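Participant: Quick one: the structure is below, and I'll ask about it shortly.
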Amino acid sequence: SRMDTVFLPAIYPLVHICEPSHAIRRAAIWLGWTVVQHGTQAAVDDMFRRVCALSTDSDPTVRGQACSMLGGFGGVSEHCLQQAFDKKPLGLVAPSRSTVSSYSCLTAEAPHGDLAVTDFDSTSAASWAGAFVHGWEDEYKEVRSAAVWASSELALASPQMGGKCVALLVELFNDDAEKVRTNAVSAVSRLVHLIVLDDELMAMVLTTLEDAAAHVRRAVFRLVENARLNSDRHIMQITQGLLNAVERHAEDASRVMECCRSLGLRHAEAVERL
């Protein structure tokens, strides 16, 4: 499309770690995302990869903006989505003639004395792989929180990635920051209908029911209400965990009762057996 060929070549050098102004890099991320909403599949994937690469930017505000905006790439291809969840390169991506070649021409013709912009090789996953993982591991809680919500937003549209996303997000149930823990639990709650709780996830849920932060506990209650349990043992475990939660936090009593009611309705046959 004309949007791809006219605007994107001008934006690419700005969505790059070598652009000296972090304010411009942040603005270019938003502008690039806006342009590709009306672009081709190739343009969407290419811009997605470039924004992924900024998940390791030197400036935390750029990293946060990049991780946040990734959640808006709803039309990204399955391959790009899989690579964003995995630091290990999964293979090469065919370059888009309308994007990569235009960018190469632009940088090659830059006047002498301008800032040298290193060409971004969007065909190699090594430069952008594992963007969400980098985000979850970031030292800044704002970046981790943005990565949590954005990853769940994209995983919602991909049942295949939903399970993998949940398996990775549960590790943030123990994050030092309350906001990150709350977002992680809420994100898993959005995705939990795509999976059946296994022993490992069940253990994490039971532990998080003991969290000192009320916001985190309320998020866990929503998760439990949406969960599918695959055994009578798990139903007993989660019920006992909820009752134990009331003993520690009496103010949660009414919410726990609602949660138990939802569990009973969702697993009526199992409850009858018990």
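Numbering starts fresh at 1 for the residues of each chain in the structure tokens, the chains themselves are lettered A, B, ... in the order given, and ligands are numbered from 1 as they appear.
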May I have the residues within 9 Å of A:Leu81 as a list in words, using only C-alpha atoms and disregarding those fewer than 2 positions away in the same chain?
Facilitator: Val76, Ser77, Glu78, His79, Gln83, Ala84, Phe85, Leu154, Ala155, Ser158 and Met161 of chain A
Participant: Write out, as a CSV table (one decimal), in the first residue's frame, the residues just selected, with N, CA, C and O atoms.
Facilitator:
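What follows is the written file selection06.csv:
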chain,number,residue,atom,x,y,z
A,76,VAL,N,-0.5,-9.5,13.8
A,76,VAL,CA,0.8,-10.0,13.6
A,76,VAL,C,0.7,-11.5,13.3
A,76,VAL,O,-0.1,-12.2,13.8
A,77,SER,N,1.7,-12.0,12.5
A,77,SER,CA,1.6,-13.5,12.1
A,77,SER,C,2.0,-14.3,13.2
A,77,SER,O,2.7,-13.9,14.2
A,78,GLU,N,1.6,-15.6,13.1
A,78,GLU,CA,1.9,-16.6,14.2
A,78,GLU,C,3.3,-16.8,14.5
A,78,GLU,O,3.8,-16.9,15.6
A,79,HIS,N,4.1,-16.8,13.4
A,79,HIS,CA,5.6,-17.0,13.6
A,79,HIS,C,6.2,-15.9,14.4
A,79,HIS,O,7.0,-16.1,15.3
A,83,GLN,N,8.0,-16.1,18.1
A,83,GLN,CA,9.4,-15.7,18.4
A,83,GLN,C,9.4,-14.6,19.5
A,83,GLN,O,10.4,-14.5,20.2
A,84,ALA,N,8.4,-13.8,19.6
A,84,ALA,CA,8.4,-12.8,20.7
A,84,ALA,C,8.3,-13.4,22.1
A,84,ALA,O,8.7,-12.8,23.1
A,85,PHE,N,7.9,-14.7,22.2
A,85,PHE,CA,7.9,-15.4,23.4
A,85,PHE,C,9.1,-16.3,23.7
A,85,PHE,O,9.1,-17.0,24.7
A,154,LEU,N,-2.0,-10.4,23.3
A,154,LEU,CA,-1.7,-11.1,22.0
A,154,LEU,C,-2.0,-12.6,22.2
A,154,LEU,O,-2.5,-13.2,21.2
A,155,ALA,N,-1.7,-13.1,23.3
A,155,ALA,CA,-2.0,-14.5,23.6
A,155,ALA,C,-3.5,-14.9,23.5
A,155,ALA,O,-3.8,-16.0,23.2
A,158,SER,N,-4.4,-16.2,20.3
A,158,SER,CA,-3.7,-17.4,19.8
A,158,SER,C,-3.7,-18.5,20.9
A,158,SER,O,-2.9,-18.5,21.8
A,161,MET,N,-0.5,-20.1,21.8
A,161,MET,CA,0.4,-19.3,22.6
A,161,MET,C,-0.1,-19.1,24.0
A,161,MET,O,0.6,-18.7,24.9
Participant: Please tabulate, as CSV, the residues of stretch 128-196 of chain A that come within 6 Å of stretch 206-219 of chain A, each with its closest pair of atoms and the distance in Å to one decimal, counting only C-alpha atoms and ordering rows by chain, then residue number upward.
Facilitator:
residue,atom,partner,partner_atom,distance
A:Thr182,CA,A:Val216,CA,4.7
A:Val185,CA,A:Ala219,CA,5.9
A:Ser186,CA,A:Ala219,CA,5.4
Participant: So that I can check the surroundings of stretch 61-69 of chain A, please list as a PDB file with C-alpha atoms, in the first residue's frame every protein, DNA and RNA residue that reaches within 9 Å of it, counting only C-alpha atoms and ignoring chain neighbours fewer than 2 positions away.
Facilitator:
ATOM      1  CA  HIS A  22      14.580   8.541  23.434  1.00  0.00           C
ATOM      2  CA  ALA A  23      11.572  10.865  23.061  1.00  0.00           C
ATOM      3  CA  ARG A  25      12.154   6.679  19.605  1.00  0.00           C
ATOM      4  CA  ARG A  26       9.032   6.549  21.782  1.00  0.00           C
ATOM      5  CA  ILE A  29       7.019   3.475  18.017  1.00  0.00           C
ATOM      6  CA  TRP A  30       3.514   4.909  18.273  1.00  0.00           C
ATOM      7  CA  TRP A  33       2.149   1.195  14.960  1.00  0.00           C
ATOM      8  CA  VAL A  51       9.405  -2.669  18.057  1.00  0.00           C
ATOM      9  CA  CYS A  52      10.383  -6.011  19.595  1.00  0.00           C
ATOM     10  CA  ALA A  53      14.033  -5.043  19.160  1.00  0.00           C
ATOM     11  CA  LEU A  54      13.449  -1.965  21.334  1.00  0.00           C
ATOM     12  CA  SER A  55      12.481  -4.171  24.294  1.00  0.00           C
ATOM     13  CA  THR A  56      16.220  -4.085  25.072  1.00  0.00           C
ATOM     14  CA  ASP A  57      16.652  -0.334  24.499  1.00  0.00           C
ATOM     15  CA  SER A  58      18.984   1.508  26.897  1.00  0.00           C
ATOM     16  CA  ASP A  59      16.176   3.818  28.041  1.00  0.00           C
ATOM     17  CA  GLY A  71       0.001  -5.649  22.642  1.00  0.00           C
ATOM     18  CA  GLY A  72      -1.698  -3.641  19.888  1.00  0.00           C
ATOM     19  CA  PHE A  73      -0.300  -5.681  17.003  1.00  0.00           C
ATOM     20  CA  ALA A 131      10.869  -9.416  23.406  1.00  0.00           C
ATOM     21  CA  PHE A 132       8.254 -10.351  26.000  1.00  0.00           C
ATOM     22  CA  GLY A 135      10.207  -7.312  29.221  1.00  0.00           C
ATOM     23  CA  ASP A 138      13.387  -6.034  33.076  1.00  0.00           C
ATOM     24  CA  TYR A 140      12.000  -1.654  36.009  1.00  0.00           C
ATOM     25  CA  GLU A 142       6.852  -0.376  34.782  1.00  0.00           C
ATOM     26  CA  VAL A 143       8.429  -2.308  31.913  1.00  0.00           C
ATOM     27  CA  ARG A 144       7.599  -5.682  33.468  1.00  0.00           C
ATOM     28  CA  SER A 145       4.005  -4.613  34.025  1.00  0.00           C
ATOM     29  CA  ALA A 146       3.629  -3.374  30.435  1.00  0.00           C
ATOM     30  CA  ALA A 147       5.086  -6.613  29.066  1.00  0.00           C
ATOM     31  CA  VAL A 148       2.721  -8.704  31.173  1.00  0.00           C
ATOM     32  CA  TRP A 149      -0.426  -7.037  29.895  1.00  0.00           C
ATOM     33  CA  ALA A 150       0.700  -6.792  26.266  1.00  0.00           C
ATOM     34  CA  SER A 151       1.700 -10.455  26.116  1.00  0.00           C
TER      35      SER A 151
END
Participant: Between A:Val220, A:Ser152, A:Leu201, A:Val36, single out the one closest to A:Arg181, counting only C-alpha atoms.
Facilitator: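 The answer is A:Val220, which sits nearest to A:Arg181.
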Participant: Per DSSP on the backbone, filter stretch 123-272 of chain A down to the residues in helix (DSSP H, G or I) and report them as an MDAnalysis selection string.
Facilitator: chainID A and resid 125:127 131:136 141:155 159:174 178:194 199:208 214:226 232:248 250:266 268:272
Participant: List the spatial neighbours of A:Val180 as a ChimeraX atom specification - criterion: any atom at most 8 Å away, only C-alpha atoms, same-chain residues fewer than 3 positions off excluded.
Facilitator: /A:141,144-145,148,172-173,175-177,183-184
Participant: Give me a file of those residues, with C-alpha atoms, as a compact mmCIF listing (two decimals), in the first residue's frame.
Facilitator:
# COMPACT_ATOMS: atom_id res chain seq x y z
CA LYS A 141 8.58 -2.66 37.30
CA ARG A 144 7.60 -5.68 33.47
CA SER A 145 4.01 -4.61 34.03
CA VAL A 148 2.72 -8.70 31.17
CA LEU A 172 5.80 -13.24 38.06
CA PHE A 173 3.32 -14.18 40.79
CA ASP A 175 7.49 -10.43 41.71
CA ASP A 176 8.72 -7.83 44.20
CA ALA A 177 6.28 -5.21 42.88
CA ASN A 183 -1.11 -7.70 36.52
CA ALA A 184 0.43 -11.16 36.19
